[in-house]
Amino acid sequence: MKDVLSFAETFVFLRVLCGLLLCFFSSALLHATADNAWSVQWQPRELVNGSPVLFRVKAPPGVTALQGTWEERTFDFRFGRVCQCWFAIAGVDLGSKPGNQKLELKGSTKDNAALTHDDEVVVHEMDYPVSTVTLPPAYVQPPPEVQARVEEEQALKKKLFSEILPDALWSGPFRSPVATGVSGGFGAVRVVNGVKGSPHQGTDYHARLGTTVRASNSGKVLLARNLYFEGNCVMIDHGQGLVTIYMHLSKIRIKEGQAVAKGQPIGLSGNSGRSTGPHLHFGVRWQGLYVDGKTLLMIVPPEQERNVPPLREAKPKTKSAAGAALVKGK
Ligand SMILES: [Zn+2]
């Protein structure tokens, strides 16, 4: 946060300096004054492609609703009483190129006046490792008899993802779905049966058959059923485009449409669907983008700051560190 703040302070200083230099032009001075009422911070400090991000915004007085545009997607902020700030979780596309990305903010007031502010956020390039996987051929190229099923399931997921609830249902930090270590990281470039496939869109956890899997945060069950690739799968809608996904379960212990609390058991881990052995695949999706679940667990939302000790931020490692959690690189 410190670097972000110091950057923001430098920015503010430069804007003030520009305003003073242009004091003969009242419009320029007014613009600088209005912009100074905004401040934007984000977590994690080092953003990479494939990372979730928590934006935290101080808006000018009088703003009663705040909307953001990021990665060509719009989203609503909610107001935190403890921090007296607006906050929301979004994501960086795994395919995003490194560089500055624009966050556009649009605040509205009681009188329907629109106050806008643009900010630049630096996105670094993550050097995701390569991992080799061997799978039964039927899970690489589904046989003709399951083709119709696969298509039906794709259509179902598309429909469900288009019906995400508009209001945020989560609160506080997201928790790990199991109390075990990671066996396969998010974003790894997968070579499946010798052929380069799509990147890994989740985090794999070690989980012996029958390990209790818990909801990472509160929400509503979007899907709880057996799918061809995902196996026994649970998806939880946390609102505002955010969904957590739990795959390859041996048992599902909740029903579609049901409200779930953070930490509530939702099923038992297993080896169903396209899986090489018992484990839990934990996926996080924000408005169609898959983002790193491990990073989501490190984010501390502002309304919890007084109750939760600050979590250590992942230190960027060098590119040579294979399987690094967060790597800053160019
Ligand atoms: Zn996986």
# chains A, B, ... in the order shown; residues from 1 in each chain; ligands from 1
$ residues_near_ligand --ligand "ligand 1" --cutoff "10 Å" --atoms "only C-alpha atoms and all ligand atoms" --output "NGL selection string"
:A and (183-188 or 199-205 or 230 or 246-248 or 274-276 or 279-283)
$ closest_atom_pairs --of "stretch 204-306 of chain A" --to "stretch 54-73 of chain A" --cutoff "8 Å" --atoms "only C-alpha atoms" --output "Markdown table"
| residue | atom | partner | partner_atom | distance |
| --- | --- | --- | --- | --- |
| A:Gln287 | CA | A:Arg73 | CA | 7.5 |
| A:Ile299 | CA | A:Leu54 | CA | 7.1 |
| A:Pro301 | CA | A:Leu54 | CA | 7.4 |
| A:Pro302 | CA | A:Arg56 | CA | 7.9 |
$ write_last_selection --atoms "C-alpha atoms" --output "short mmCIF file (atom, residue, chain, number, x, y, z; two decimals), in the first residue's frame"
data_model
loop_
_atom_site.label_atom_id
_atom_site.label_comp_id
_atom_site.auth_asym_id
_atom_site.auth_seq_id
_atom_site.Cartn_x
_atom_site.Cartn_y
_atom_site.Cartn_z
CA GLN A 287 -17.46 -11.35 -14.96
CA ILE A 299 -7.23 -9.79 0.06
CA PRO A 301 -11.68 -6.07 2.54
CA PRO A 302 -11.79 -2.72 4.36
#
$ select_by_dssp --residues "stretch 126-329 of chain A" --states "helix (DSSP H, G or I)" --output "number ranges by chain"
A: 137-139, 144-161, 293-298, 302-304
$ write_last_selection --atoms "N, CA and C atoms" --output "mmCIF file, in the first residue's frame"
data_model
loop_
_atom_site.group_PDB
_atom_site.id
_atom_site.type_symbol
_atom_site.label_atom_id
_atom_site.label_comp_id
_atom_site.auth_asym_id
_atom_site.auth_seq_id
_atom_site.Cartn_x
_atom_site.Cartn_y
_atom_site.Cartn_z
ATOM 1 N N PRO A 137 -8.005 -40.287 -22.785
ATOM 2 C CA PRO A 137 -8.360 -39.578 -24.035
ATOM 3 C C PRO A 137 -9.802 -39.058 -24.057
ATOM 4 N N ALA A 138 -10.725 -39.749 -23.393
ATOM 5 C CA ALA A 138 -12.144 -39.331 -23.417
ATOM 6 C C ALA A 138 -12.344 -37.968 -22.762
ATOM 7 N N TYR A 139 -11.364 -37.531 -21.923
ATOM 8 C CA TYR A 139 -11.490 -36.221 -21.289
ATOM 9 C C TYR A 139 -10.682 -35.147 -22.030
ATOM 10 N N PRO A 144 -18.221 -39.202 -29.304
ATOM 11 C CA PRO A 144 -19.468 -38.662 -29.885
ATOM 12 C C PRO A 144 -20.680 -38.828 -28.971
ATOM 13 N N GLU A 145 -20.746 -39.931 -28.203
ATOM 14 C CA GLU A 145 -21.948 -40.180 -27.376
ATOM 15 C C GLU A 145 -22.114 -39.185 -26.232
ATOM 16 N N VAL A 146 -21.047 -38.457 -25.858
ATOM 17 C CA VAL A 146 -21.206 -37.464 -24.773
ATOM 18 C C VAL A 146 -21.198 -36.024 -25.314
ATOM 19 N N GLN A 147 -21.052 -35.903 -26.646
ATOM 20 C CA GLN A 147 -20.958 -34.565 -27.251
ATOM 21 C C GLN A 147 -22.181 -33.698 -26.923
ATOM 22 N N ALA A 148 -23.378 -34.306 -27.052
ATOM 23 C CA ALA A 148 -24.620 -33.560 -26.787
ATOM 24 C C ALA A 148 -24.655 -33.110 -25.322
ATOM 25 N N ARG A 149 -24.207 -34.000 -24.419
ATOM 26 C CA ARG A 149 -24.185 -33.661 -22.982
ATOM 27 C C ARG A 149 -23.252 -32.481 -22.721
ATOM 28 N N VAL A 150 -22.070 -32.547 -23.310
ATOM 29 C CA VAL A 150 -21.082 -31.474 -23.108
ATOM 30 C C VAL A 150 -21.656 -30.130 -23.594
ATOM 31 N N GLU A 151 -22.313 -30.161 -24.758
ATOM 32 C CA GLU A 151 -22.892 -28.923 -25.310
ATOM 33 C C GLU A 151 -24.011 -28.382 -24.412
ATOM 34 N N GLU A 152 -24.851 -29.294 -23.909
ATOM 35 C CA GLU A 152 -25.938 -28.893 -22.996
ATOM 36 C C GLU A 152 -25.377 -28.228 -21.734
ATOM 37 N N GLU A 153 -24.322 -28.825 -21.221
ATOM 38 C CA GLU A 153 -23.719 -28.293 -19.994
ATOM 39 C C GLU A 153 -23.066 -26.931 -20.240
ATOM 40 N N GLN A 154 -22.472 -26.768 -21.422
ATOM 41 C CA GLN A 154 -21.887 -25.458 -21.761
ATOM 42 C C GLN A 154 -22.975 -24.392 -21.819
ATOM 43 N N ALA A 155 -24.115 -24.757 -22.414
ATOM 44 C CA ALA A 155 -25.233 -23.812 -22.531
ATOM 45 C C ALA A 155 -25.787 -23.469 -21.147
ATOM 46 N N LEU A 156 -25.865 -24.483 -20.274
ATOM 47 C CA LEU A 156 -26.366 -24.260 -18.911
ATOM 48 C C LEU A 156 -25.448 -23.293 -18.158
ATOM 49 N N LYS A 157 -24.132 -23.530 -18.235
ATOM 50 C CA LYS A 157 -23.178 -22.665 -17.523
ATOM 51 C C LYS A 157 -23.255 -21.230 -18.048
ATOM 52 N N LYS A 158 -23.374 -21.108 -19.370
ATOM 53 C CA LYS A 158 -23.476 -19.768 -19.971
ATOM 54 C C LYS A 158 -24.711 -19.040 -19.435
ATOM 55 N N LYS A 159 -25.826 -19.762 -19.356
ATOM 56 C CA LYS A 159 -27.077 -19.171 -18.862
ATOM 57 C C LYS A 159 -26.910 -18.756 -17.399
ATOM 58 N N LEU A 160 -26.360 -19.668 -16.577
ATOM 59 C CA LEU A 160 -26.215 -19.368 -15.148
ATOM 60 C C LEU A 160 -25.272 -18.186 -14.911
ATOM 61 N N PHE A 161 -24.164 -18.148 -15.661
ATOM 62 C CA PHE A 161 -23.215 -17.042 -15.482
ATOM 63 C C PHE A 161 -23.823 -15.691 -15.891
ATOM 64 N N GLY A 293 -7.305 -17.877 -7.272
ATOM 65 C CA GLY A 293 -7.981 -18.044 -5.982
ATOM 66 C C GLY A 293 -7.057 -17.820 -4.795
ATOM 67 N N LYS A 294 -5.781 -18.190 -4.925
ATOM 68 C CA LYS A 294 -4.829 -18.011 -3.807
ATOM 69 C C LYS A 294 -4.653 -16.522 -3.498
ATOM 70 N N THR A 295 -4.656 -15.711 -4.537
ATOM 71 C CA THR A 295 -4.527 -14.261 -4.335
ATOM 72 C C THR A 295 -5.795 -13.706 -3.699
ATOM 73 N N LEU A 296 -6.949 -14.239 -4.110
ATOM 74 C CA LEU A 296 -8.217 -13.780 -3.520
ATOM 75 C C LEU A 296 -8.207 -13.988 -2.001
ATOM 76 N N LEU A 297 -7.598 -15.096 -1.538
ATOM 77 C CA LEU A 297 -7.577 -15.398 -0.106
ATOM 78 C C LEU A 297 -6.717 -14.407 0.686
ATOM 79 N N MET A 298 -5.821 -13.686 0.003
ATOM 80 C CA MET A 298 -4.929 -12.734 0.700
ATOM 81 C C MET A 298 -5.533 -11.335 0.806
ATOM 82 N N PRO A 302 -11.932 -3.772 3.364
ATOM 83 C CA PRO A 302 -11.791 -2.717 4.361
ATOM 84 C C PRO A 302 -12.706 -2.828 5.570
ATOM 85 N N GLU A 303 -13.887 -3.444 5.419
ATOM 86 C CA GLU A 303 -14.787 -3.470 6.583
ATOM 87 C C GLU A 303 -14.281 -4.418 7.660
ATOM 88 N N GLN A 304 -13.239 -5.229 7.326
ATOM 89 C CA GLN A 304 -12.700 -6.180 8.297
ATOM 90 C C GLN A 304 -11.374 -5.705 8.889
#
$ closest_residue --among "A:Ile236, A:Leu169, A:Leu135, A:Ala88" --to "A:Gln258" --atoms "only C-alpha atoms"
A:Ile236
$ closest_residue --among "A:Thr244, A:Ser272, A:Ser198, A:Gln264" --to "A:Asn226" --atoms "only C-alpha atoms"
A:Ser272
$ atom_distance --atom1 "atom CA of A:Gln101" --atom2 "atom CA of A:Val123"
6.8 Å
$ select_by_dssp --residues "stretch 112-317 of chain A" --states "strand (DSSP E or B)" --output "number ranges by chain"
A: 114-125, 130-133, 182-184, 189-192, 195-199, 203-206, 212-214, 219-227, 231-237, 242-249, 251-252, 259-260, 265-268, 270, 279-286, 289-291, 317
$ write_last_selection --atoms "C-alpha atoms" --output "PDB file, in the first residue's frame"
ATOM      1  CA  ALA A 114     -22.259  12.589 -12.324  1.00  0.00           C
ATOM      2  CA  LEU A 115     -18.743  12.982 -10.925  1.00  0.00           C
ATOM      3  CA  THR A 116     -16.066  11.110 -12.840  1.00  0.00           C
ATOM      4  CA  HIS A 117     -12.452  10.229 -12.274  1.00  0.00           C
ATOM      5  CA  ASP A 118      -9.960   8.087 -14.212  1.00  0.00           C
ATOM      6  CA  ASP A 119      -6.995   6.362 -12.609  1.00  0.00           C
ATOM      7  CA  GLU A 120      -4.086   4.390 -14.035  1.00  0.00           C
ATOM      8  CA  VAL A 121      -3.202   1.061 -12.460  1.00  0.00           C
ATOM      9  CA  VAL A 122       0.017  -0.785 -13.325  1.00  0.00           C
ATOM     10  CA  VAL A 123      -0.343  -4.440 -14.319  1.00  0.00           C
ATOM     11  CA  HIS A 124       2.831  -6.534 -14.356  1.00  0.00           C
ATOM     12  CA  GLU A 125       3.411  -9.677 -16.367  1.00  0.00           C
ATOM     13  CA  VAL A 130       4.306 -25.023 -17.517  1.00  0.00           C
ATOM     14  CA  SER A 131       2.777 -28.218 -16.147  1.00  0.00           C
ATOM     15  CA  THR A 132       2.368 -31.592 -17.807  1.00  0.00           C
ATOM     16  CA  VAL A 133      -0.811 -33.610 -17.351  1.00  0.00           C
ATOM     17  CA  VAL A 182      -1.658 -26.429  -3.118  1.00  0.00           C
ATOM     18  CA  SER A 183      -0.732 -29.148  -5.610  1.00  0.00           C
ATOM     19  CA  GLY A 184      -1.228 -27.159  -8.812  1.00  0.00           C
ATOM     20  CA  VAL A 189       0.304 -23.523 -19.027  1.00  0.00           C
ATOM     21  CA  ARG A 190      -1.024 -27.045 -19.392  1.00  0.00           C
ATOM     22  CA  VAL A 191       0.498 -29.619 -21.722  1.00  0.00           C
ATOM     23  CA  VAL A 192      -2.177 -32.326 -21.837  1.00  0.00           C
ATOM     24  CA  VAL A 195      -0.344 -31.165 -26.573  1.00  0.00           C
ATOM     25  CA  LYS A 196      -0.336 -27.569 -25.321  1.00  0.00           C
ATOM     26  CA  GLY A 197      -3.789 -26.776 -23.951  1.00  0.00           C
ATOM     27  CA  SER A 198      -5.439 -23.830 -22.206  1.00  0.00           C
ATOM     28  CA  PRO A 199      -4.008 -22.456 -18.935  1.00  0.00           C
ATOM     29  CA  THR A 203      -5.975 -23.751  -7.917  1.00  0.00           C
ATOM     30  CA  ASP A 204      -5.624 -27.464  -7.133  1.00  0.00           C
ATOM     31  CA  TYR A 205      -5.462 -28.430  -3.463  1.00  0.00           C
ATOM     32  CA  HIS A 206      -4.239 -31.724  -2.043  1.00  0.00           C
ATOM     33  CA  THR A 212     -14.744 -31.686   3.761  1.00  0.00           C
ATOM     34  CA  VAL A 213     -14.931 -28.786   1.306  1.00  0.00           C
ATOM     35  CA  ARG A 214     -16.239 -25.471   2.653  1.00  0.00           C
ATOM     36  CA  GLY A 219     -23.455 -16.498  -1.246  1.00  0.00           C
ATOM     37  CA  LYS A 220     -26.093 -18.461  -3.095  1.00  0.00           C
ATOM     38  CA  VAL A 221     -25.591 -21.853  -4.756  1.00  0.00           C
ATOM     39  CA  LEU A 222     -25.606 -21.220  -8.504  1.00  0.00           C
ATOM     40  CA  LEU A 223     -24.961 -24.836  -9.531  1.00  0.00           C
ATOM     41  CA  ALA A 224     -24.683 -28.129  -7.641  1.00  0.00           C
ATOM     42  CA  ARG A 225     -24.685 -31.138  -9.959  1.00  0.00           C
ATOM     43  CA  ASN A 226     -22.598 -33.615 -11.907  1.00  0.00           C
ATOM     44  CA  LEU A 227     -20.981 -32.279 -15.086  1.00  0.00           C
ATOM     45  CA  GLY A 231     -17.421 -33.958 -12.160  1.00  0.00           C
ATOM     46  CA  ASN A 232     -19.567 -33.276  -9.090  1.00  0.00           C
ATOM     47  CA  CYS A 233     -19.383 -29.507  -9.072  1.00  0.00           C
ATOM     48  CA  VAL A 234     -20.583 -26.643  -6.878  1.00  0.00           C
ATOM     49  CA  MET A 235     -20.608 -23.014  -7.962  1.00  0.00           C
ATOM     50  CA  ILE A 236     -21.383 -20.242  -5.471  1.00  0.00           C
ATOM     51  CA  ASP A 237     -22.645 -16.859  -6.617  1.00  0.00           C
ATOM     52  CA  LEU A 242     -17.962 -13.025  -8.509  1.00  0.00           C
ATOM     53  CA  VAL A 243     -18.310 -16.831  -8.453  1.00  0.00           C
ATOM     54  CA  THR A 244     -16.278 -19.549  -6.686  1.00  0.00           C
ATOM     55  CA  ILE A 245     -16.161 -23.034  -8.203  1.00  0.00           C
ATOM     56  CA  TYR A 246     -15.425 -26.371  -6.504  1.00  0.00           C
ATOM     57  CA  MET A 247     -14.797 -29.372  -8.794  1.00  0.00           C
ATOM     58  CA  HIS A 248     -14.251 -33.149  -8.777  1.00  0.00           C
ATOM     59  CA  LEU A 249     -16.211 -33.700  -5.545  1.00  0.00           C
ATOM     60  CA  LYS A 251     -20.370 -35.851  -2.704  1.00  0.00           C
ATOM     61  CA  ILE A 252     -22.413 -32.661  -2.949  1.00  0.00           C
ATOM     62  CA  ALA A 259     -28.045 -19.660   0.625  1.00  0.00           C
ATOM     63  CA  VAL A 260     -24.621 -20.632   2.020  1.00  0.00           C
ATOM     64  CA  PRO A 265     -19.570 -27.589   4.311  1.00  0.00           C
ATOM     65  CA  ILE A 266     -20.736 -27.889   0.689  1.00  0.00           C
ATOM     66  CA  GLY A 267     -19.420 -31.358  -0.173  1.00  0.00           C
ATOM     67  CA  LEU A 268     -16.602 -33.886   0.031  1.00  0.00           C
ATOM     68  CA  GLY A 270     -13.093 -36.594  -4.785  1.00  0.00           C
ATOM     69  CA  HIS A 279      -7.920 -33.344  -5.202  1.00  0.00           C
ATOM     70  CA  LEU A 280      -9.990 -30.171  -5.062  1.00  0.00           C
ATOM     71  CA  HIS A 281     -10.009 -27.732  -7.956  1.00  0.00           C
ATOM     72  CA  PHE A 282     -10.948 -24.279  -6.647  1.00  0.00           C
ATOM     73  CA  GLY A 283     -11.825 -21.726  -9.314  1.00  0.00           C
ATOM     74  CA  VAL A 284     -12.670 -18.028  -9.060  1.00  0.00           C
ATOM     75  CA  ARG A 285     -14.478 -16.190 -11.819  1.00  0.00           C
ATOM     76  CA  TRP A 286     -15.206 -12.476 -12.102  1.00  0.00           C
ATOM     77  CA  LEU A 289     -12.517 -13.827 -16.289  1.00  0.00           C
ATOM     78  CA  TYR A 290     -10.847 -16.603 -14.294  1.00  0.00           C
ATOM     79  CA  VAL A 291      -8.544 -15.237 -11.596  1.00  0.00           C
ATOM     80  CA  LYS A 317      10.144 -13.340  -6.989  1.00  0.00           C
TER      81      LYS A 317
END
$ atom_distance --atom1 "atom CA of A:Gly277" --atom2 "atom CA of A:Ala207"
9.5 Å
$ atom_distance --atom1 "atom CA of A:Lys110" --atom2 "atom CA of A:Gly80"
18.4 Å
